[in-house]
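Novice: To start, I am sharing the structure in question, which I have written as structure tokens.
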Amino acid sequence: MFDVKLVLENREKVLKNLSARNFKETEAVDKIEEFDSKRKKLLTEFEAAKSLQNSRSKEMPQVMKNGTEEEKAAIKNELKLLSEKIKSFTPELKKVENDLNDLLLSIPNTLAEDTPIGKDESENVVVKKWGEKPVFDFKPLEHFDIAKKGIDLERGAKLCGTRFVVYTGAIAALERALMNYMMDCAVKNGYIEVIPPVIVNRETMTGSGQLPKFESDAYKTSEDLFLIPTAEVSLVNLHRNEVIQSSDLPLNYVSYTPCFRREAGSYGKDTKGIIRLHQFNKVELVKFTLPEKSDRELKKLTENAESILQGLGLHYRVVELCSGDLGFNSMKTFDIEVWLPGQNCFREISSCSNTGDFQARRASVRFKRENGKKTEFTHILNGSGLAIDRCIVAVLENYQQNDGTVIVPEVLRPYMENKEVITL
RNA sequence: GGAGAGGUGACCGAGAGGCUGAAGGUGCUCGCCUGCUAAGCGAGUGUAGUGCUAAUCCCGCUACCGAGGGUUCGAAUCCCUCCCUCUCCGCCA
């Protein structure tokens, strides 16, 4: 969320940022200015009237006790009129405040100073490559052909609909192994393990930035509760409306949860296999940091996510998103893309973002320095560590053998009864 | 889900229509005092908005006693709705 002052003081910069993000409704900036000055004007009048009411009200009991009949009637009448005046302000003031708030909630984050400018994903910047493409002496298959039985999309569709899956046997075991491996890595790297609710209320969804703008992307219950699209939502809101001691920062959390996404607007995209599901599992990392440390912590977070792939021996690259491809909440994002031989392309398996104080403002997550008087907003970062289902795709496609079996990466074997190979 | 009791500052806990941003205590901070420590004495100690301002320092004003409405000239105090906590019952993994 934006600070009104920031918008008004850095008008040109904000507009530049918005256009770099392909954010069209730039008139919002003018409206913010308009609503804010209207709000201040109303507020000043309202508070002046309120102040008068308060002081006159204090005199009221004295007058009622000792005053003449005339004085009594006068003060009563005066206060009655004042009260009515004050009440007449309220709806107008509320409306302006709400309108202003809605606008502020609908504008995407600013860009980091060094975020590359670009119009869409074609202008993202590859910043790192790790490992090598595996070489096959046969034509590598896609994951859904490797594990026809274990990845049961037909039954997933039967139970719920398209883009739902049932895992069975070795694939279900692989899923569990990956989850445990990732969680153990995160805990070793100093993240606190959390099991949060996967259904959350409206405030929570607003705090992390899903609402009000992206309501149609989320599954909603009849009680106005939402299924989380990522554990980021739950973790970011862990400290909503809290003031943290600076000595407790950074706070690093990791969570393994199912994630639910309606994927509205992606019909026809990735319809085969388990690349894009309405329900998938993900290990999510979230950090609360001091503002001056968040840049470094984003690097660490990204490295933590990368280390999972390194452990699995999977070839990947790191891409920095350009302004036009950046998510609503983020000021700087590194995507990790893993190599998929079956599809013959890199696919996003993690997205690590620094949201700066954007989410912290929405959720009011603040901290106090050792001897500081003022509270400040923390910086909040998030990253997948990693998307488990896509990791299954990567393991299957990279470790497939000509005989239809798949080699189990060494780091996963302790989690899979020390099996070296799975037969599907 | 049913019955009852509650939700007040960092914490404990008063207040039951105007004198309460909130007694008292604890904690914390800064002074004083004291062989050291403890005790004691004094002062301070929330957040947000807004006005003034070079200022995120002062100072003024406004709001905030779980949340949102209502009654009233005036609400922490009365009424309504919701949320949460505790006790008992029911149900259940």
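Convention: chains lettered A, B, ... in structure tokens order; per-chain residue numbering from 1; ligands numbered from 1 as shown.
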With a distance threshold of 8 Å and counting only C-alpha atoms (C1' of nucleotides), extract the residues of chain A near chain B and express them as a count of residues only.
Specialist: 17
Novice: Residues near range 156-167 of chain A, anyone? I mean within 6 Å using only C-alpha atoms (C1' of nucleotides), not counting same-chain ones fewer than 6 positions away, as a PDB file with N, CA, C and O atoms, in the first residue's frame.
Specialist:
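Printed below is selection.pdb as written:
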ATOM      1  N   GLY A 150       0.773 -42.701 -11.687  1.00  0.00           N
ATOM      2  CA  GLY A 150       0.968 -41.972 -10.416  1.00  0.00           C
ATOM      3  C   GLY A 150       0.422 -40.556 -10.453  1.00  0.00           C
ATOM      4  O   GLY A 150       0.071 -39.987  -9.422  1.00  0.00           O
ATOM      5  N   LEU A 277      -2.045 -26.126 -11.707  1.00  0.00           N
ATOM      6  CA  LEU A 277      -3.153 -26.790 -11.014  1.00  0.00           C
ATOM      7  C   LEU A 277      -3.938 -25.778 -10.190  1.00  0.00           C
ATOM      8  O   LEU A 277      -3.412 -24.724  -9.824  1.00  0.00           O
ATOM      9  N   HIS A 278      -5.177 -26.117  -9.898  1.00  0.00           N
ATOM     10  CA  HIS A 278      -5.965 -25.264  -8.999  1.00  0.00           C
ATOM     11  C   HIS A 278      -5.558 -25.485  -7.546  1.00  0.00           C
ATOM     12  O   HIS A 278      -5.759 -24.632  -6.704  1.00  0.00           O
TER      13      HIS A 278
END
Novice: Could you work out how far CA of Phe346 in chain A lies from CA of Val233 in chain A, giving the answer in Å with one decimal?
Specialist: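 Between CA of Val233 in chain A and CA of Phe346 in chain A the gap is 26.6 Å.
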Novice: Residues at most 10 Å from range 170-186 of chain A, counting only C-alpha atoms (C1' of nucleotides), excluding those fewer than 4 positions away in the same chain, as a ChimeraX atom specification?
Specialist: /A:147,149-152,166,190-193,252-257,281-285,301,304-305,307-309,311-312,385-389,391-392,395-396,408,411-417,422-424
Novice: For the strand (DSSP E) assignment from backbone DSSP, which residues of range 272-366 of chain A qualify? Please present them as a PyMOL selection string.
Specialist: chain A and resi 279-289+316-320+332-340+345-354+365-366
Novice: Give me, as a PyMOL selection string, the residues of range 38-216 of chain A that a backbone DSSP run labels alpha helix (DSSP H).
Specialist: chain A and resi 38-66+69-106+143-146+153-159+169-188+202-207
Novice: Output C-alpha atoms of each residue in that selection to a file, as a short mmCIF file (atom, residue, chain, number, x, y, z; two decimals), in the first residue's frame.
Specialist:
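In the end it all went to result-v1.cif:
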data_model
loop_
_atom_site.label_atom_id
_atom_site.label_comp_id
_atom_site.auth_asym_id
_atom_site.auth_seq_id
_atom_site.Cartn_x
_atom_site.Cartn_y
_atom_site.Cartn_z
CA LYS A 38 -10.83 16.94 0.44
CA ARG A 39 -10.29 14.64 3.38
CA LYS A 40 -7.99 17.09 5.12
CA LYS A 41 -10.38 19.96 4.61
CA LEU A 42 -13.28 18.00 6.04
CA LEU A 43 -11.18 16.67 8.86
CA THR A 44 -10.03 20.14 9.88
CA GLU A 45 -13.60 21.40 10.03
CA PHE A 46 -14.77 18.30 11.78
CA GLU A 47 -12.07 18.46 14.41
CA ALA A 48 -12.61 22.16 15.06
CA ALA A 49 -16.30 21.51 15.68
CA LYS A 50 -15.47 18.52 17.81
CA SER A 51 -13.00 20.54 19.84
CA LEU A 52 -15.60 23.21 20.52
CA GLN A 53 -18.10 20.54 21.46
CA ASN A 54 -15.67 18.99 23.90
CA SER A 55 -14.88 22.23 25.67
CA ARG A 56 -18.48 23.41 25.82
CA SER A 57 -19.62 20.01 27.02
CA LYS A 58 -17.27 20.31 29.96
CA GLU A 59 -19.00 23.53 30.98
CA MET A 60 -22.42 21.99 30.62
CA PRO A 61 -22.78 20.42 34.09
CA GLN A 62 -21.79 23.68 35.79
CA VAL A 63 -24.33 25.65 33.84
CA MET A 64 -27.05 23.13 34.49
CA LYS A 65 -26.32 23.40 38.19
CA ASN A 66 -25.77 27.10 38.70
CA GLU A 69 -32.93 29.16 32.95
CA GLU A 70 -31.90 31.25 29.97
CA GLU A 71 -28.30 30.11 30.15
CA LYS A 72 -29.38 26.51 30.43
CA ALA A 73 -31.55 26.73 27.37
CA ALA A 74 -28.83 28.54 25.45
CA ILE A 75 -26.09 26.01 26.07
CA LYS A 76 -28.43 23.13 25.43
CA ASN A 77 -29.47 24.58 22.14
CA GLU A 78 -25.91 25.45 21.17
CA LEU A 79 -24.68 21.94 21.84
CA LYS A 80 -27.60 20.40 20.06
CA LEU A 81 -26.80 22.38 16.94
CA LEU A 82 -23.13 21.57 17.24
CA SER A 83 -23.88 17.91 17.57
CA GLU A 84 -25.99 17.97 14.45
CA LYS A 85 -23.26 19.76 12.55
CA ILE A 86 -20.72 17.19 13.59
CA LYS A 87 -22.99 14.35 12.61
CA SER A 88 -23.51 15.85 9.19
CA PHE A 89 -19.77 15.64 8.57
CA THR A 90 -19.44 11.99 9.37
CA PRO A 91 -20.84 10.26 6.26
CA GLU A 92 -18.95 12.56 3.92
CA LEU A 93 -15.70 12.12 5.80
CA LYS A 94 -16.11 8.36 5.92
CA LYS A 95 -16.78 8.21 2.22
CA VAL A 96 -13.69 10.20 1.29
CA GLU A 97 -11.56 8.15 3.63
CA ASN A 98 -12.86 4.92 2.12
CA ASP A 99 -12.45 6.14 -1.43
CA LEU A 100 -8.91 7.23 -0.71
CA ASN A 101 -8.13 3.95 0.97
CA ASP A 102 -9.52 1.91 -1.93
CA LEU A 103 -7.35 3.83 -4.34
CA LEU A 104 -4.24 3.39 -2.24
CA LEU A 105 -4.93 -0.33 -1.96
CA SER A 106 -5.31 -0.70 -5.71
CA HIS A 143 6.30 -35.83 -16.90
CA PHE A 144 2.71 -36.92 -17.51
CA ASP A 145 3.94 -39.57 -19.89
CA ILE A 146 6.61 -40.75 -17.49
CA LEU A 153 -5.50 -36.28 -13.72
CA GLU A 154 -8.59 -38.18 -14.81
CA ARG A 155 -9.54 -39.06 -11.29
CA GLY A 156 -8.58 -35.57 -10.16
CA ALA A 157 -11.12 -34.29 -12.66
CA LYS A 158 -13.65 -36.81 -11.45
CA LEU A 159 -13.28 -35.78 -7.84
CA GLY A 169 2.21 -44.64 -5.09
CA ALA A 170 5.73 -43.50 -5.87
CA ILE A 171 4.60 -40.04 -6.98
CA ALA A 172 2.77 -39.45 -3.70
CA ALA A 173 5.89 -40.67 -1.90
CA LEU A 174 8.06 -38.37 -3.99
CA GLU A 175 5.82 -35.47 -3.09
CA ARG A 176 6.22 -36.22 0.61
CA ALA A 177 9.97 -36.72 0.25
CA LEU A 178 10.39 -33.40 -1.53
CA MET A 179 8.37 -31.64 1.12
CA ASN A 180 10.45 -33.10 3.93
CA TYR A 181 13.71 -32.40 2.16
CA MET A 182 12.74 -28.78 1.52
CA MET A 183 11.48 -28.23 5.03
CA ASP A 184 14.65 -29.68 6.52
CA CYS A 185 16.79 -27.44 4.31
CA ALA A 186 14.84 -24.37 5.34
CA VAL A 187 15.05 -25.20 9.02
CA LYS A 188 18.82 -25.71 8.65
CA ARG A 202 -10.66 -10.83 4.34
CA GLU A 203 -8.29 -8.72 6.43
CA THR A 204 -5.57 -11.30 5.98
CA MET A 205 -6.04 -11.41 2.22
CA THR A 206 -5.92 -7.61 2.12
CA GLY A 207 -2.83 -7.43 4.29
#
Novice: Of the candidates B:C30, B:U20, B:C64, B:C80, which one gets nearest to A48 in chain B if we count only C-alpha atoms (C1' of nucleotides)?
Specialist: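 Distance minimum relative to A48 in chain B lands on B:C64.
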Novice: Could you name the residues that touch A22 in chain B at 10 Å or less, counting only C-alpha atoms (C1' of nucleotides), but leaving out those on the same chain fewer than 6 positions away, as a compact mmCIF listing (two decimals) with N, CA and C atoms (P, O5', C5', C4', C3', O3' and C1' of nucleotides), in the first residue's frame?
Specialist:
# COMPACT_ATOMS: atom_id res chain seq x y z
P U B 8 -8.63 -6.50 28.28
O5' U B 8 -9.03 -4.98 28.41
C5' U B 8 -9.03 -4.13 27.27
C4' U B 8 -8.97 -2.70 27.70
C3' U B 8 -7.66 -2.28 28.38
O3' U B 8 -6.67 -1.94 27.43
C1' U B 8 -9.51 -1.47 29.62
P G B 9 -5.41 -2.87 27.23
O5' G B 9 -4.25 -1.79 27.22
C5' G B 9 -3.16 -1.87 26.29
C4' G B 9 -2.38 -0.58 26.39
C3' G B 9 -0.99 -0.76 26.97
O3' G B 9 -0.03 -0.16 26.12
C1' G B 9 -2.25 0.84 28.23
P G B 15 -14.71 -0.90 40.22
O5' G B 15 -14.96 0.41 39.35
C5' G B 15 -14.75 1.68 39.95
C4' G B 15 -14.58 2.71 38.86
C3' G B 15 -15.80 2.89 37.99
O3' G B 15 -16.58 3.90 38.61
C1' G B 15 -13.81 2.80 36.66
P C B 65 -12.15 2.99 22.48
O5' C B 65 -11.10 2.37 23.48
C5' C B 65 -10.50 1.09 23.21
C4' C B 65 -10.43 0.31 24.51
C3' C B 65 -11.76 -0.29 24.95
O3' C B 65 -11.57 -1.66 25.24
C1' C B 65 -10.85 1.12 26.65
P A B 76 -15.98 7.08 25.59
O5' A B 76 -15.36 5.71 26.14
C5' A B 76 -15.25 4.59 25.30
C4' A B 76 -15.28 3.32 26.10
C3' A B 76 -16.62 3.07 26.80
O3' A B 76 -17.47 2.35 25.95
C1' A B 76 -14.84 2.87 28.35
Novice: Which residues are close to Val406 in chain A, i.e. within 6 Å by only C-alpha atoms (C1' of nucleotides), leaving aside same-chain residues fewer than 2 positions away? Reply as a PyMOL selection string.
Specialist: chain A and resi 399-401+421-422
Novice: Provide the CA of Arg276 in chain A to CA of His315 in chain A distance in Å, to one decimal place.
Specialist: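 Spanning CA of Arg276 in chain A to CA of His315 in chain A is a straight-line distance of 20.7 Å.
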Novice: Please report the interatomic distance between C1' of U45 in chain B and CA of Asp357 in chain A in Å with one decimal.
Specialist: 28.0 Å
